[in-house]
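As structure tokens, the structure follows; a few thoughts come after it.
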Amino acid sequence: MPAEWITKPGHEEINSPQRHFTYVNDPGCGFMFDVNQAGEVMFSTELARENYALALREVEAGTMVDHGTVDFTNDVWNPGTIRCGCGQPLNLSGGDTTTCTCGNEYNGCAQLLRPNWREFCRETGELDD
Ligand SMILES: [Zn+2]
């Protein structure tokens, strides 16, 4: 019997604000930078920092347009959250199986796997790690 779903698997929209720059004569081309809650541009890499400086210079030179912060939404797959047999909420990993801190292991359909399923599958030859 599957575990109780707290959140069923499904598509989820995630807001990701981006500072957006495009070239004046090539509007389909440009740069996007991640923005934090305070509206500040975040740099995950040194290249991103250099590109941001470049974008600002291009805006100054009139060759790029600064669109400011634009809200993009990303459609992501949420594998869902179940209530584990131990009572804790467990976010499914989206991988083959997810193991709770209590040791219970579930498949992507929220079915509790037999604790010895690996051994069982080794015996039957379904799993050969
Ligand atoms: Zn558990």
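Chain lettering (A, B, ...) mirrors the order of the structure tokens, residue numbering begins at 1 for each chain separately, and ligand numbering begins at 1 in order of display.
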
Check the DSSP output for the backbone and give back, as a PDB file with N, CA and C atoms, in the first residue's frame, the residues of range 56-123 of chain A in strand (DSSP E).
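part.pdb, freshly written:
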```pdb
ATOM      1  N   MET A  64      23.472  47.869 -25.733  1.00  0.00           N
ATOM      2  CA  MET A  64      22.602  46.905 -25.040  1.00  0.00           C
ATOM      3  C   MET A  64      21.493  47.650 -24.324  1.00  0.00           C
ATOM      4  N   VAL A  65      20.385  46.913 -24.112  1.00  0.00           N
ATOM      5  CA  VAL A  65      19.247  47.461 -23.374  1.00  0.00           C
ATOM      6  C   VAL A  65      19.169  46.754 -22.022  1.00  0.00           C
ATOM      7  N   ASP A  66      19.034  47.546 -20.959  1.00  0.00           N
ATOM      8  CA  ASP A  66      18.862  46.985 -19.619  1.00  0.00           C
ATOM      9  C   ASP A  66      17.370  46.892 -19.333  1.00  0.00           C
ATOM     10  N   HIS A  67      16.842  45.675 -19.247  1.00  0.00           N
ATOM     11  CA  HIS A  67      15.411  45.491 -19.000  1.00  0.00           C
ATOM     12  C   HIS A  67      15.083  45.460 -17.510  1.00  0.00           C
ATOM     13  N   GLY A  68      16.103  45.633 -16.678  1.00  0.00           N
ATOM     14  CA  GLY A  68      15.883  45.557 -15.237  1.00  0.00           C
ATOM     15  C   GLY A  68      15.606  44.122 -14.819  1.00  0.00           C
ATOM     16  N   THR A  69      14.919  43.969 -13.695  1.00  0.00           N
ATOM     17  CA  THR A  69      14.638  42.627 -13.188  1.00  0.00           C
ATOM     18  C   THR A  69      13.317  42.127 -13.764  1.00  0.00           C
ATOM     19  N   VAL A  70      13.373  40.976 -14.390  1.00  0.00           N
ATOM     20  CA  VAL A  70      12.208  40.389 -15.038  1.00  0.00           C
ATOM     21  C   VAL A  70      11.915  39.065 -14.343  1.00  0.00           C
ATOM     22  N   ASP A  71      10.637  38.817 -14.057  1.00  0.00           N
ATOM     23  CA  ASP A  71      10.265  37.546 -13.434  1.00  0.00           C
ATOM     24  C   ASP A  71      10.061  36.470 -14.481  1.00  0.00           C
ATOM     25  N   PHE A  72      10.928  35.497 -14.479  1.00  0.00           N
ATOM     26  CA  PHE A  72      10.744  34.346 -15.335  1.00  0.00           C
ATOM     27  C   PHE A  72      10.189  33.223 -14.484  1.00  0.00           C
ATOM     28  N   THR A  73       9.313  32.435 -15.036  1.00  0.00           N
ATOM     29  CA  THR A  73       8.861  31.268 -14.294  1.00  0.00           C
ATOM     30  C   THR A  73       9.401  30.013 -14.946  1.00  0.00           C
ATOM     31  N   ASN A  74       9.921  29.160 -14.106  1.00  0.00           N
ATOM     32  CA  ASN A  74      10.420  27.879 -14.562  1.00  0.00           C
ATOM     33  C   ASN A  74       9.426  26.794 -14.194  1.00  0.00           C
ATOM     34  N   ASP A  75       9.131  25.948 -15.136  1.00  0.00           N
ATOM     35  CA  ASP A  75       8.271  24.814 -14.870  1.00  0.00           C
ATOM     36  C   ASP A  75       9.165  23.647 -14.453  1.00  0.00           C
ATOM     37  N   VAL A  76       9.041  23.233 -13.214  1.00  0.00           N
ATOM     38  CA  VAL A  76       9.878  22.124 -12.750  1.00  0.00           C
ATOM     39  C   VAL A  76       8.990  20.961 -12.317  1.00  0.00           C
ATOM     40  N   TRP A  77       9.553  19.774 -12.310  1.00  0.00           N
ATOM     41  CA  TRP A  77       8.827  18.595 -11.882  1.00  0.00           C
ATOM     42  C   TRP A  77       9.084  18.385 -10.395  1.00  0.00           C
ATOM     43  N   ASN A  78       8.007  18.351  -9.620  1.00  0.00           N
ATOM     44  CA  ASN A  78       8.129  18.071  -8.193  1.00  0.00           C
ATOM     45  C   ASN A  78       7.771  16.605  -7.960  1.00  0.00           C
ATOM     46  N   THR A  81       5.866  14.757  -1.981  1.00  0.00           N
ATOM     47  CA  THR A  81       6.250  14.541  -0.588  1.00  0.00           C
ATOM     48  C   THR A  81       5.271  13.557   0.023  1.00  0.00           C
ATOM     49  N   ILE A  82       5.788  12.581   0.746  1.00  0.00           N
ATOM     50  CA  ILE A  82       4.917  11.588   1.394  1.00  0.00           C
ATOM     51  C   ILE A  82       5.097  11.652   2.898  1.00  0.00           C
ATOM     52  N   ARG A  83       4.161  11.038   3.599  1.00  0.00           N
ATOM     53  CA  ARG A  83       4.292  10.858   5.043  1.00  0.00           C
ATOM     54  C   ARG A  83       4.877   9.472   5.249  1.00  0.00           C
ATOM     55  N   PRO A  89       7.592  13.851   7.253  1.00  0.00           N
ATOM     56  CA  PRO A  89       7.430  14.110   5.828  1.00  0.00           C
ATOM     57  C   PRO A  89       8.727  13.743   5.105  1.00  0.00           C
ATOM     58  N   LEU A  90       8.582  13.178   3.935  1.00  0.00           N
ATOM     59  CA  LEU A  90       9.760  12.753   3.175  1.00  0.00           C
ATOM     60  C   LEU A  90       9.607  13.252   1.742  1.00  0.00           C
ATOM     61  N   ASN A  91      10.541  14.096   1.302  1.00  0.00           N
ATOM     62  CA  ASN A  91      10.541  14.578  -0.078  1.00  0.00           C
ATOM     63  C   ASN A  91      11.130  13.495  -0.970  1.00  0.00           C
ATOM     64  N   THR A  97      14.717   5.453  -5.897  1.00  0.00           N
ATOM     65  CA  THR A  97      14.206   5.263  -4.546  1.00  0.00           C
ATOM     66  C   THR A  97      14.636   6.417  -3.663  1.00  0.00           C
ATOM     67  N   THR A  98      13.900   6.601  -2.562  1.00  0.00           N
ATOM     68  CA  THR A  98      14.228   7.621  -1.579  1.00  0.00           C
ATOM     69  C   THR A  98      14.232   6.953  -0.214  1.00  0.00           C
ATOM     70  N   THR A  99      15.267   7.186   0.559  1.00  0.00           N
ATOM     71  CA  THR A  99      15.365   6.574   1.872  1.00  0.00           C
ATOM     72  C   THR A  99      15.178   7.633   2.947  1.00  0.00           C
ATOM     73  N   GLU A 105      12.530   2.799   2.881  1.00  0.00           N
ATOM     74  CA  GLU A 105      12.901   3.146   1.515  1.00  0.00           C
ATOM     75  C   GLU A 105      11.667   3.033   0.627  1.00  0.00           C
ATOM     76  N   TYR A 106      11.440   4.080  -0.188  1.00  0.00           N
ATOM     77  CA  TYR A 106      10.235   4.138  -1.018  1.00  0.00           C
ATOM     78  C   TYR A 106      10.627   4.261  -2.475  1.00  0.00           C
ATOM     79  N   ASN A 107       9.771   3.727  -3.346  1.00  0.00           N
ATOM     80  CA  ASN A 107       9.974   3.973  -4.770  1.00  0.00           C
ATOM     81  C   ASN A 107       9.223   5.243  -5.167  1.00  0.00           C
TER      82      ASN A 107
END
```

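With the cut-off set to 8 Å and only C-alpha atoms and all ligand atoms counted, the residues surrounding ligand 1 are A:Arg83, A:Cys84, A:Gly85, A:Cys86, A:Gly87, A:Gln88, A:Pro89, A:Leu90, A:Thr99, A:Cys100, A:Thr101, A:Cys102, A:Gly103, A:Asn104.
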
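Excluding Phe31 in chain A itself and any same-chain residue fewer than 6 positions from it, the protein and nucleic acid residues within 9 Å of it, counting only C-alpha atoms, are Arg19, His20, Phe21, Thr22, Tyr23, Asn51, Tyr52 and Ala55 of chain A.
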
Taking only chain A into account, list the residues labelled helix (DSSP H, G or I) by DSSP (computed from the backbone), as number ranges by chain. A: 46-61, 117-124

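Pairwise distance (CA of Thr7 in chain A, CA of Asp96 in chain A) equals 18.0 Å.
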
State, in Å with one decimal place, the distance from CA of Glu40 in chain A to CA of Glu12 in chain A. 24.7 Å

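CA of His11 in chain A sits 26.8 Å away from CA of Ala38 in chain A.
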